[in-house]
$ cat model.tsv   # TSV, C-alpha atoms
chain	number	residue	atom	x	y	z
D	1	MET	CA	187.10	14.38	-187.04
D	2	ALA	CA	189.11	11.18	-187.23
D	3	GLY	CA	188.90	8.98	-184.17
D	4	CYS	CA	185.55	10.32	-182.98
D	5	GLU	CA	182.93	8.35	-184.89
D	6	ARG	CA	181.36	5.17	-183.56
D	7	ASN	CA	182.04	1.81	-185.15
D	8	PRO	CA	178.86	0.94	-187.11
D	9	SER	CA	179.15	-2.81	-186.37
D	10	SER	CA	179.78	-2.26	-182.63
D	11	PRO	CA	178.55	1.25	-181.69
D	12	TRP	CA	180.05	1.04	-178.18
D	13	ASN	CA	183.49	1.19	-179.87
D	14	PRO	CA	185.19	4.04	-181.73
D	15	ALA	CA	185.53	3.69	-185.51
D	16	ARG	CA	189.24	4.56	-185.20
D	17	PRO	CA	191.52	4.51	-182.15
D	18	ALA	CA	192.65	7.70	-180.44
D	19	GLN	CA	195.94	9.04	-181.78
D	20	VAL	CA	198.21	8.72	-178.76
D	21	THR	CA	201.78	7.63	-178.15
D	22	PRO	CA	202.33	4.59	-175.90
D	23	GLU	CA	203.86	6.82	-173.20
D	24	GLU	CA	201.00	9.38	-173.30
D	25	TYR	CA	198.47	6.55	-173.19
D	26	GLU	CA	199.95	4.82	-170.16
D	27	GLN	CA	200.57	8.11	-168.32
D	28	GLU	CA	196.94	9.20	-168.85
D	29	VAL	CA	195.69	5.86	-167.50
D	30	VAL	CA	197.99	6.17	-164.46
D	31	THR	CA	196.65	9.71	-163.85
D	32	TRP	CA	193.04	8.48	-163.99
D	33	LEU	CA	193.84	5.67	-161.58
D	34	LYS	CA	195.50	8.06	-159.13
D	35	GLU	CA	192.47	10.37	-159.25
D	36	ALA	CA	190.09	7.45	-158.72
D	37	GLY	CA	192.05	6.24	-155.70
D	38	LEU	CA	192.38	9.56	-153.86
D	39	SER	CA	189.89	8.55	-151.16
D	40	LEU	CA	191.44	5.12	-150.56
D	41	ASP	CA	193.85	4.21	-147.79
D	42	SER	CA	197.50	3.90	-148.89
D	43	PHE	CA	196.58	4.02	-152.59
D	44	LYS	CA	199.51	3.96	-155.00
D	45	VAL	CA	199.99	3.25	-158.68
D	46	GLN	CA	203.24	2.11	-160.21
D	47	HIS	CA	203.74	2.59	-163.95
D	48	ARG	CA	205.47	-0.28	-165.80
D	49	SER	CA	205.68	-2.54	-162.83
D	50	HIS	CA	207.28	-5.98	-162.62
D	51	ILE	CA	205.47	-8.52	-160.51
D	52	ALA	CA	206.41	-12.12	-159.77
D	53	GLY	CA	204.04	-14.99	-160.39
D	54	SER	CA	204.37	-18.72	-159.89
D	55	GLY	CA	205.50	-19.12	-163.51
D	56	GLY	CA	207.87	-16.17	-163.70
D	57	ASP	CA	208.06	-12.40	-163.80
D	58	TYR	CA	205.48	-10.23	-165.62
D	59	GLU	CA	205.80	-6.64	-166.77
D	60	LEU	CA	202.48	-4.84	-166.50
D	61	ASP	CA	201.60	-1.39	-167.78
D	62	ALA	CA	200.53	-0.43	-164.25
D	63	VAL	CA	199.83	-1.99	-160.87
D	64	ALA	CA	197.62	-0.28	-158.29
D	65	GLU	CA	197.64	-1.17	-154.63
D	66	PHE	CA	195.64	0.03	-151.65
D	67	SER	CA	194.53	-1.06	-148.19
D	68	VAL	CA	191.09	-1.88	-146.83
D	69	LEU	CA	189.85	-3.02	-143.43
D	70	ARG	CA	192.83	-1.55	-141.58
D	71	GLY	CA	195.60	-3.10	-143.60
D	72	ALA	CA	194.32	-5.78	-145.96
D	73	ARG	CA	196.18	-5.23	-149.23
D	74	VAL	CA	194.28	-5.12	-152.54
D	75	LEU	CA	196.30	-5.55	-155.74
D	76	VAL	CA	194.98	-4.44	-159.16
D	77	LEU	CA	196.70	-5.38	-162.45
D	78	VAL	CA	196.35	-2.94	-165.37
D	79	GLU	CA	197.01	-3.61	-169.05
D	80	CYS	CA	196.88	-0.93	-171.77
D	81	LYS	CA	196.21	-2.30	-175.26
D	82	ARG	CA	197.02	0.16	-178.05
D	83	ASN	CA	195.11	-1.64	-180.80
D	84	SER	CA	193.33	-0.54	-183.94
D	85	ARG	CA	190.89	-3.46	-183.52
D	86	PRO	CA	188.67	-4.32	-180.56
D	87	VAL	CA	190.23	-6.50	-177.85
D	88	GLU	CA	189.32	-10.15	-178.25
D	89	ARG	CA	188.32	-12.62	-175.54
D	90	GLU	CA	191.75	-14.31	-175.68
D	91	GLN	CA	193.50	-11.10	-174.56
D	92	VAL	CA	191.21	-10.92	-171.53
D	93	LEU	CA	191.93	-14.61	-170.80
D	94	VAL	CA	195.66	-13.83	-170.71
D	95	LEU	CA	195.12	-10.99	-168.22
D	96	GLU	CA	192.91	-13.21	-166.05
D	97	SER	CA	195.64	-15.88	-166.05
D	98	LYS	CA	198.20	-13.32	-164.90
D	99	ARG	CA	195.81	-12.08	-162.18
D	100	VAL	CA	195.36	-15.60	-160.82
D	101	GLU	CA	199.05	-16.48	-161.08
D	102	VAL	CA	200.30	-13.42	-159.16
D	103	GLY	CA	197.47	-13.53	-156.61
D	104	ALA	CA	196.02	-10.13	-157.53
D	105	HIS	CA	192.48	-9.29	-156.45
D	106	LYS	CA	191.38	-7.34	-159.52
D	107	ALA	CA	192.37	-6.63	-163.09
D	108	MET	CA	191.48	-4.07	-165.69
D	109	ILE	CA	192.20	-3.67	-169.36
D	110	PHE	CA	192.20	-0.40	-171.28
D	111	SER	CA	191.94	-0.45	-175.08
D	112	THR	CA	192.20	2.21	-177.78
D	113	GLY	CA	190.20	0.01	-180.17
D	114	GLY	CA	187.36	-1.01	-177.86
D	115	PHE	CA	186.21	-4.55	-177.08
D	116	GLN	CA	184.46	-7.41	-178.84
D	117	SER	CA	181.24	-8.47	-177.14
D	118	GLY	CA	182.74	-11.88	-176.23
D	119	ALA	CA	185.63	-10.12	-174.47
D	120	LEU	CA	183.14	-8.02	-172.51
D	121	GLN	CA	181.12	-11.10	-171.53
D	122	TYR	CA	184.17	-12.99	-170.31
D	123	ALA	CA	185.60	-9.95	-168.50
D	124	GLY	CA	182.26	-9.41	-166.78
D	125	SER	CA	182.14	-13.03	-165.62
D	126	ARG	CA	185.57	-12.55	-163.98
D	127	GLY	CA	185.06	-9.03	-162.63
D	128	ILE	CA	187.67	-7.55	-164.98
D	129	ALA	CA	187.10	-3.89	-165.80
D	130	THR	CA	187.05	-3.06	-169.51
D	131	VAL	CA	187.74	0.56	-170.41
D	132	THR	CA	187.93	2.14	-173.86
D	133	PHE	CA	190.48	4.95	-174.21
D	134	LEU	CA	189.07	7.63	-176.52
D	135	ASP	CA	189.77	10.87	-178.28
D	136	GLY	CA	187.98	13.46	-176.09
D	137	ARG	CA	185.87	14.55	-179.08
D	138	PHE	CA	184.11	11.15	-178.92
D	139	LEU	CA	182.11	12.62	-176.02
D	140	TYR	CA	180.50	15.23	-178.24
D	141	GLU	CA	177.05	14.28	-179.50
D	142	THR	CA	174.07	16.15	-180.88
D	143	ARG	CA	170.44	15.17	-181.27
D	144	GLY	CA	170.58	15.41	-185.01
D	145	ARG	CA	173.27	14.83	-187.53
D	146	MET	CA	176.76	15.09	-186.05
D	147	PRO	CA	178.79	18.03	-187.35
D	148	ALA	CA	182.34	17.53	-188.66
D	149	SER	CA	183.76	18.64	-185.31
D	150	PRO	CA	182.56	20.20	-182.05
D	151	PRO	CA	182.05	23.97	-182.19
D	152	PRO	CA	184.96	26.04	-180.81
D	153	TRP	CA	183.06	26.99	-177.64
D	154	VAL	CA	182.76	23.32	-176.54
D	155	ILE	CA	185.62	22.42	-174.22
D	156	LEU	CA	186.45	18.73	-174.23
D	157	PRO	CA	189.38	16.86	-172.70
D	158	ARG	CA	192.10	15.68	-175.05
D	159	PHE	CA	191.42	12.08	-173.99
D	160	ALA	CA	188.43	10.40	-172.37
D	161	ALA	CA	187.45	6.91	-171.31
D	162	MET	CA	184.33	4.80	-171.09
D	163	MET	CA	183.96	1.78	-168.87
D	164	LEU	CA	182.05	-0.95	-170.69
D	165	ARG	CA	180.24	-3.97	-169.33
D	166	GLU	CA	177.87	-6.52	-170.73
D	167	LYS	CA	174.64	-6.95	-168.79
D	168	ASP	CA	171.61	-8.95	-169.90
D	169	LYS	CA	173.03	-9.17	-173.45
D	170	GLN	CA	173.32	-5.38	-173.68
D	171	ILE	CA	176.49	-3.28	-173.61
D	172	MET	CA	176.41	-0.65	-170.87
D	173	CYS	CA	178.75	2.37	-171.07
D	174	SER	CA	179.69	4.83	-168.34
D	175	GLY	CA	182.23	7.64	-168.31
D	176	ILE	CA	185.33	8.06	-166.25
D	177	GLY	CA	185.86	11.30	-164.38
D	178	GLY	CA	183.56	13.88	-162.85
D	179	SER	CA	180.87	13.16	-160.30
D	180	ASP	CA	179.68	9.94	-161.97
D	181	ASP	CA	182.98	8.10	-161.99
D	182	SER	CA	182.63	4.42	-162.79
D	183	LEU	CA	186.38	3.83	-162.38
D	184	ARG	CA	186.33	5.01	-158.76
D	185	GLU	CA	183.23	2.91	-158.12
D	186	TRP	CA	184.82	-0.22	-159.65
D	187	ILE	CA	188.04	0.18	-157.67
D	188	THR	CA	186.23	0.56	-154.37
D	189	THR	CA	183.84	-2.38	-154.95
D	190	ALA	CA	184.86	-5.64	-153.29
D	191	PRO	CA	186.74	-8.01	-155.60
D	192	PRO	CA	184.59	-10.75	-157.12
D	193	THR	CA	184.71	-14.22	-155.68
D	194	SER	CA	186.95	-16.62	-157.54
D	195	LYS	CA	185.32	-18.65	-160.31
D	196	SER	CA	186.65	-21.99	-161.46
$ encode --input "model.tsv" --output "structure tokens"
Amino acid sequence: MAGCERNPSSPWNPARPAQVTPEEYEQEVVTWLKEAGLSLDSFKVQHRSHIAGSGGDYELDAVAEFSVLRGARVLVLVECKRNSRPVEREQVLVLESKRVEVGAHKAMIFSTGGFQSGALQYAGSRGIATVTFLDGRFLYETRGRMPASPPPWVILPRFAAMMLREKDKQIMCSGIGGSDDSLREWITTAPPTSKS
């Protein structure tokens, strides 16, 4: 059941990253974003988008854009990190710098390896969404000892995602998709105020 166990030193992270090609990974993220933005005005997602900043041109894994208040444009930068290790604070700092430089309102980072707690703390202080990309079998849990794999009658998606955030020194996890969709909620929440 490779890719499904939790990391013993940071149980909010998978022990091993999901086995996914870069193209599959980015396409799945784009699909989730499109589903999350269905109810928004003029919502669109562009995969592998170039965007100009004051210091030059950046290629991002995805850029989402939508309108609020009858035409105000909201820009969301999306990075997909295909790592075997958890994302570190420095990688979130780089994304925040890009967000500021291009004048985007929001940013989010997806990771196959999860996130270090310092990365989650910094991302939370800047309103950056942190999402772990998972093998769908990661969602399967039992009360007792976990079996080697889910029974054949359990239908799980090939891939899943959990939005993570640090709150009061605890890591909070919520799923993406279905009726309790934290991605849709994050997208539709007003961007945070700028912090110096």
$ atom_distance --input "model.tsv" --atom1 "atom CA of D:Ala160" --atom2 "atom CA of D:Arg73"
29.0 Å
$ residues_near_point --input "model.tsv" --point "(188.4, 9.2, -148.0)" --cutoff "12 Å" --atoms "only C-alpha atoms" --output "ChimeraX atom specification"
/D:36-43,67-68,184,188
$ closest_residue --input "model.tsv" --among "D:Thr189, D:Thr130, D:Thr21, D:Ser117" --to "D:Gly175" --atoms "all atoms listed in the file"
D:Thr130
$ closest_residue --input "model.tsv" --among "D:Ser54, D:Ser174, D:Asn83, D:Ser125" --to "D:Lys98" --atoms "all atoms listed in the file"
D:Ser54
$ atom_distance --input "model.tsv" --atom1 "atom CA of D:Pro157" --atom2 "atom CA of D:Gly136"
5.0 Å
$ residues_around --input "model.tsv" --residues "D:Gln46" --least-positions-apart "2" --cutoff "10 Å" --atoms "all atoms listed in the file" --output "list in words"
Val30, Lys34, Lys44, Arg48, Ser49, His50, Leu60, Asp61, Ala62, Val63, Ala64, Glu65 and Val78 of chain D
$ atom_distance --input "model.tsv" --atom1 "atom CA of D:Val74" --atom2 "atom CA of D:Trp32"
17.8 Å
$ closest_residue --input "model.tsv" --among "D:Ala190, D:Tyr122, D:Phe115, D:Gln27" --to "D:Met163" --atoms "only C-alpha atoms"
D:Phe115
$ closest_residue --input "model.tsv" --among "D:Gly127, D:Gly53, D:Pro152, D:Gly113" --to "D:Lys81" --atoms "only C-alpha atoms"
D:Gly113
$ closest_residue --input "model.tsv" --among "D:Phe66, D:Arg158, D:Pro86, D:Leu120" --to "D:Asp135" --atoms "only C-alpha atoms"
D:Arg158
$ residues_around --input "model.tsv" --residues "D:Trp12" --least-positions-apart "2" --cutoff "10 Å" --atoms "all atoms listed in the file" --output "VMD selection string"
chain D and resid 6 to 10 14 to 15 114 to 117 132 162 164 171 to 173
$ closest_residue --input "model.tsv" --among "D:Leu183, D:Ile128, D:Ala52, D:Leu75" --to "D:Ala104" --atoms "only C-alpha atoms"
D:Leu75
$ residues_around --input "model.tsv" --residues "D:Gln170" --least-positions-apart "4" --cutoff "10 Å" --atoms "all atoms listed in the file" --output "PyMOL selection string"
chain D and resi 117+121+165-166
$ residues_around --input "model.tsv" --residues "D:Phe159" --least-positions-apart "5" --cutoff "10 Å" --atoms "all atoms listed in the file" --output "short mmCIF file (atom, residue, chain, number, x, y, z; two decimals) with C-alpha atoms, in the frame of the given file"
data_model
loop_
_atom_site.label_atom_id
_atom_site.label_comp_id
_atom_site.auth_asym_id
_atom_site.auth_seq_id
_atom_site.Cartn_x
_atom_site.Cartn_y
_atom_site.Cartn_z
CA ALA D 18 192.65 7.70 -180.44
CA GLN D 19 195.94 9.04 -181.78
CA VAL D 20 198.21 8.72 -178.76
CA GLU D 24 201.00 9.38 -173.30
CA TYR D 25 198.47 6.55 -173.19
CA GLU D 28 196.94 9.20 -168.85
CA VAL D 29 195.69 5.86 -167.50
CA PHE D 133 190.48 4.95 -174.21
CA LEU D 134 189.07 7.63 -176.52
CA ASP D 135 189.77 10.87 -178.28
CA GLY D 136 187.98 13.46 -176.09
CA ARG D 137 185.87 14.55 -179.08
CA PHE D 138 184.11 11.15 -178.92
CA LEU D 139 182.11 12.62 -176.02
#
$ residues_around --input "model.tsv" --residues "stretch 91-94 of chain D" --least-positions-apart "2" --cutoff "8 Å" --atoms "only C-alpha atoms" --output "count of residues only"
10
$ decode --input "model.tsv" --residues "stretch 46-85 of chain D" --atoms "C-alpha atoms" --output "compact mmCIF listing (two decimals), in the first residue's frame"
# COMPACT_ATOMS: atom_id res chain seq x y z
CA GLN D 46 -5.04 28.51 -17.12
CA HIS D 47 -2.55 25.63 -16.90
CA ARG D 48 1.14 26.57 -17.21
CA SER D 49 0.56 30.26 -17.37
CA HIS D 50 3.13 33.02 -17.84
CA ILE D 51 2.57 36.16 -15.86
CA ALA D 52 4.63 39.35 -15.79
CA GLY D 53 5.95 40.83 -12.58
CA SER D 54 8.03 43.89 -11.85
CA GLY D 55 11.20 41.79 -11.97
CA GLY D 56 10.39 39.69 -15.03
CA ASP D 57 8.20 36.91 -16.34
CA TYR D 58 7.17 33.90 -14.21
CA GLU D 59 5.87 30.54 -15.35
CA LEU D 60 3.34 29.16 -12.89
CA ASP D 61 1.76 25.72 -12.85
CA ALA D 62 -1.67 27.37 -12.94
CA VAL D 63 -3.32 30.76 -12.56
CA ALA D 64 -6.97 31.13 -11.61
CA GLU D 65 -8.96 34.28 -12.17
CA PHE D 66 -12.51 35.31 -11.35
CA SER D 67 -14.65 38.38 -10.76
CA VAL D 68 -16.35 39.65 -7.62
CA LEU D 69 -18.47 42.70 -6.88
CA ARG D 70 -19.55 43.14 -10.49
CA GLY D 71 -16.17 43.09 -12.14
CA ALA D 72 -13.35 43.31 -9.61
CA ARG D 73 -10.73 40.81 -10.77
CA VAL D 74 -9.21 38.32 -8.31
CA LEU D 75 -5.98 36.59 -9.34
CA VAL D 76 -4.78 33.34 -7.70
CA LEU D 77 -1.29 31.89 -8.28
CA VAL D 78 -0.90 28.10 -8.05
CA GLU D 79 2.31 26.11 -7.64
CA CYS D 80 2.49 22.30 -7.74
CA LYS D 81 5.51 20.85 -5.93
CA ARG D 82 6.23 17.22 -6.81
CA ASN D 83 8.54 16.48 -3.88
CA SER D 84 9.38 13.40 -1.88
CA ARG D 85 9.98 15.62 1.19
